[in-house]
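Before any comments, here is the structure.
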Amino acid sequence: MKLAGATLLLAGTSLAAQKQTPLNAATSSAPPYRDQLVLLHKALVEIPSISFTEQQVGRFLLEYLEGLDFTTAAQFLPLGNASNPEAHDPGRFNVLAWPGRTQHTAPQVLVTSHIDTVPPFIPYSRSTDEISGDTLLAGRGSVDDVASLAAQVIAVTELIVSGEIDPSAVMLLFVVGEERSGDGMRWFSDNFNGTFKAAIFGEPTEGKLACGHKGIFGCEITAHGVAGHSGYPWLGKSATEVLMRGLTKVLDADLGSSELFGNTTVNVGTIEGGVAPNVIAEEAKAAIAVRVALEKEHGGAKTVMARIKAILESVDKDAFEMDCNEGYDIVKADCDVPGFEKDTMNYGTDVPNLKGNHTRYLYGPGTILVAHGPNEAIKLADMESSVEDYKKLILYALNKDGKEDVGEL
């Protein structure tokens, strides 16, 4: 197994952070890895890693994992088109890691999360000086997705040290760009020559095993009007008025639902139009994000897209243009694992961006309800519980065929 079409950079330096003084633990019942987990989480949150600027946190992870006796590689992404406002910054890369001192040729389980965050950067903080399970760890990315990433690293390390898994059976992957375009995972998927038995994706699921998540697509809707003097509105056609009427009707419509994923929802993210208050607007635009709950066998995203187009045309058959990205349909994941609560998610992930016939698990600590907000934070006890849950998931994924007894999960 090798990486095709990707530039690799092996990191070979040791990790000074591993020599830091232990934290002041408030309870003797703390897991033995508490200090390491808290310090890793803190170090990652303190590094700004907004999408398209993930290089510094990537370099930190290469060094950190080398210090834990992993073989690491930086998988560089190609540069984007300079005319594209979301063009890739030079030197962006995914972090790949294999336990031990070799790139194992056939890992069975991929353990993955993302290293980018949404803006703005929020500095790291802690609710208490003395660390306990109730301590809140805050800052941008503290939940999405640093909590999953840190817990995954500790979980894999613990399993290796304890001898519960063969080092060659697991691979770590930490990707860029998940919050914006999924370019990191798609590049990995397109250029990694190999297959996995299972992939465990880290995202905030409140410690529940997700049975899947809604699909998504985005559209730019343009309304065309006829400019004129605002004192004589009957002489023109206001594009902003037409757009508002169309969007209102879309928001009020039943666009499709399912028992497992609920209703399809639409978010009107941006609106712009017109040139002045006293001029009838000739053009207006809106950008929408559609979370698809309609099952694929009932048409999925394409049917929802067609319904939105029909609604707009019912308002004005000549005024609208709709330019939508391809998006994807409902994504389903395996959630039949003993000992886990189940749920479904409304947000999107990198799960559909990794192609293949592997079993897909979606799990992580923390709640998405605070993940992109000003009060993003996670309770340490939840992150510690997720370390144990990731260990269970890895063992279950490796032994799902029943060849070995992994004990009670």
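Ordering of the structure tokens sets the chain letters (A, B, ...), residue numbers begin anew at 1 in every chain, and ligands are numbered from 1 in the order given.
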**Item:** Surrounding residues of Ala310 in chain A excluding itself and chain neighbours under 6 positions, 12 Å, only C-alpha atoms, as a list of chain:residue names
**Value:**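 That gives A:Gly246, A:Lys249, A:Val250, A:Ala253, A:Leu255, A:Thr303, A:Val304, A:Asp316, A:Lys317, A:Asp318, A:Phe320, A:Glu321, A:Met322.
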Taking only residues of range 290-407 of chain A that have an atom at most 10 Å from an atom of range 218-221 of chain A, what is each one's shortest atom pair and its distance in Å to one decimal, using only C-alpha atoms, in chain and number order, as a Markdown table?
| residue | atom | partner | partner_atom | distance |
| --- | --- | --- | --- | --- |
| A:Val290 | CA | A:Gly218 | CA | 6.0 |
| A:Arg291 | CA | A:Gly218 | CA | 8.9 |
| A:Met305 | CA | A:Cys219 | CA | 9.0 |
| A:Lys309 | CA | A:Ile221 | CA | 9.6 |
| A:Leu312 | CA | A:Ile221 | CA | 9.4 |
| A:Phe320 | CA | A:Ile221 | CA | 6.9 |
| A:Glu321 | CA | A:Ile221 | CA | 5.8 |
| A:Met322 | CA | A:Ile221 | CA | 4.6 |
| A:Asp323 | CA | A:Glu220 | CA | 5.2 |
| A:Cys324 | CA | A:Cys219 | CA | 4.0 |
| A:Asn325 | CA | A:Gly218 | CA | 5.7 |
| A:Glu326 | CA | A:Gly218 | CA | 8.1 |
| A:Gly327 | CA | A:Gly218 | CA | 7.0 |
**Request:** Would you return as an MDAnalysis selection string the members of range 201-376 of chain A that DSSP assigns to strand (DSSP E) on this structure's backbone?
**Result:** chainID A and resid 201:202 209:213 215:224 228:229 257:258 262:263 265:273 279:280 283:292 320:324 331:332 342:345 359:363
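The coordinates place CA of Val118 in chain A at 27.4 Å from CA of Asp334 in chain A.
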**Pick from A:Pro167, A:Gly194, A:Gly202, A:Pro48, whichever lies nearest to Thr102 in chain A using only C-alpha atoms** = A:Pro167
**Message:** List as JSON, numbers by chain the protein and nucleic acid residues near Leu37 in chain A, meaning an atom at most 12 Å away when only C-alpha atoms are counted, but skip any in the same chain fewer than 6 places from it.
**Reply:** {"A": [17, 18, 22, 23, 30, 31, 43, 44, 131, 137, 146, 147, 148, 149, 150, 151, 152, 153, 154, 155, 157, 158, 380, 381, 382, 383, 384, 385, 386, 387]}
Write the selection just made, keeping N, CA and C atoms, as a compact mmCIF listing (two decimals), in the first residue's frame?
# COMPACT_ATOMS: atom_id res chain seq x y z
N ALA A 17 7.04 18.35 24.44
CA ALA A 17 5.84 18.51 25.27
C ALA A 17 5.60 17.31 26.17
N GLN A 18 6.13 16.14 25.78
CA GLN A 18 5.93 14.95 26.59
C GLN A 18 6.65 15.03 27.94
N PRO A 22 3.53 17.09 35.37
CA PRO A 22 2.14 16.62 35.47
C PRO A 22 1.22 17.69 36.03
N LEU A 23 -0.04 17.65 35.60
CA LEU A 23 -1.03 18.59 36.08
C LEU A 23 -1.47 18.23 37.49
N ALA A 30 -8.76 9.61 38.58
CA ALA A 30 -8.51 10.05 37.21
C ALA A 30 -7.82 8.94 36.42
N PRO A 31 -8.13 8.80 35.13
CA PRO A 31 -7.44 7.79 34.32
C PRO A 31 -5.96 8.13 34.22
N ALA A 43 -2.65 22.03 23.78
CA ALA A 43 -1.69 22.41 22.75
C ALA A 43 -2.35 22.60 21.39
N LEU A 44 -3.29 21.73 21.06
CA LEU A 44 -3.97 21.81 19.76
C LEU A 44 -4.91 23.01 19.69
N ILE A 131 -7.58 20.46 38.01
CA ILE A 131 -8.23 19.64 37.00
C ILE A 131 -9.09 18.56 37.65
N LEU A 137 -13.09 22.65 29.31
CA LEU A 137 -11.98 23.05 28.46
C LEU A 137 -12.56 23.78 27.26
N VAL A 146 -10.98 19.01 18.00
CA VAL A 146 -9.81 18.67 18.79
C VAL A 146 -10.11 17.60 19.83
N ALA A 147 -11.31 17.65 20.43
CA ALA A 147 -11.65 16.65 21.45
C ALA A 147 -11.59 15.24 20.88
N SER A 148 -12.16 15.05 19.69
CA SER A 148 -12.10 13.73 19.05
C SER A 148 -10.67 13.36 18.70
N LEU A 149 -9.93 14.29 18.13
CA LEU A 149 -8.57 14.02 17.69
C LEU A 149 -7.70 13.59 18.87
N ALA A 150 -7.73 14.37 19.96
CA ALA A 150 -6.90 14.06 21.12
C ALA A 150 -7.29 12.71 21.72
N ALA A 151 -8.58 12.45 21.82
CA ALA A 151 -9.04 11.18 22.39
C ALA A 151 -8.63 10.01 21.51
N GLN A 152 -8.67 10.19 20.19
CA GLN A 152 -8.28 9.12 19.28
C GLN A 152 -6.80 8.78 19.43
N VAL A 153 -5.96 9.81 19.54
CA VAL A 153 -4.52 9.57 19.69
C VAL A 153 -4.25 8.79 20.97
N ILE A 154 -4.88 9.22 22.07
CA ILE A 154 -4.67 8.54 23.35
C ILE A 154 -5.20 7.11 23.29
N ALA A 155 -6.36 6.92 22.69
CA ALA A 155 -6.98 5.59 22.62
C ALA A 155 -6.08 4.61 21.86
N THR A 157 -2.86 4.89 21.26
CA THR A 157 -1.62 4.69 22.01
C THR A 157 -1.82 3.71 23.16
N GLU A 158 -2.93 3.85 23.88
CA GLU A 158 -3.22 2.96 25.00
C GLU A 158 -3.36 1.51 24.53
N LEU A 380 -14.13 17.69 30.69
CA LEU A 380 -13.04 16.73 30.61
C LEU A 380 -13.52 15.29 30.75
N ALA A 381 -14.48 15.07 31.64
CA ALA A 381 -14.99 13.71 31.84
C ALA A 381 -15.56 13.12 30.56
N ASP A 382 -16.19 13.97 29.74
CA ASP A 382 -16.75 13.48 28.47
C ASP A 382 -15.64 13.07 27.51
N MET A 383 -14.57 13.83 27.51
CA MET A 383 -13.46 13.50 26.63
C MET A 383 -12.76 12.22 27.10
N GLU A 384 -12.63 12.06 28.41
CA GLU A 384 -12.03 10.84 28.95
C GLU A 384 -12.89 9.62 28.64
N SER A 385 -14.20 9.78 28.75
CA SER A 385 -15.09 8.67 28.40
C SER A 385 -14.94 8.28 26.94
N SER A 386 -14.70 9.28 26.09
CA SER A 386 -14.56 8.99 24.66
C SER A 386 -13.28 8.22 24.36
N VAL A 387 -12.24 8.40 25.16
CA VAL A 387 -11.03 7.59 24.98
C VAL A 387 -11.38 6.11 25.13
**Request:** Provide the CA of Val337 in chain A to CA of Ala210 in chain A distance in Å, to one decimal place.
**Result:** 10.6 Å
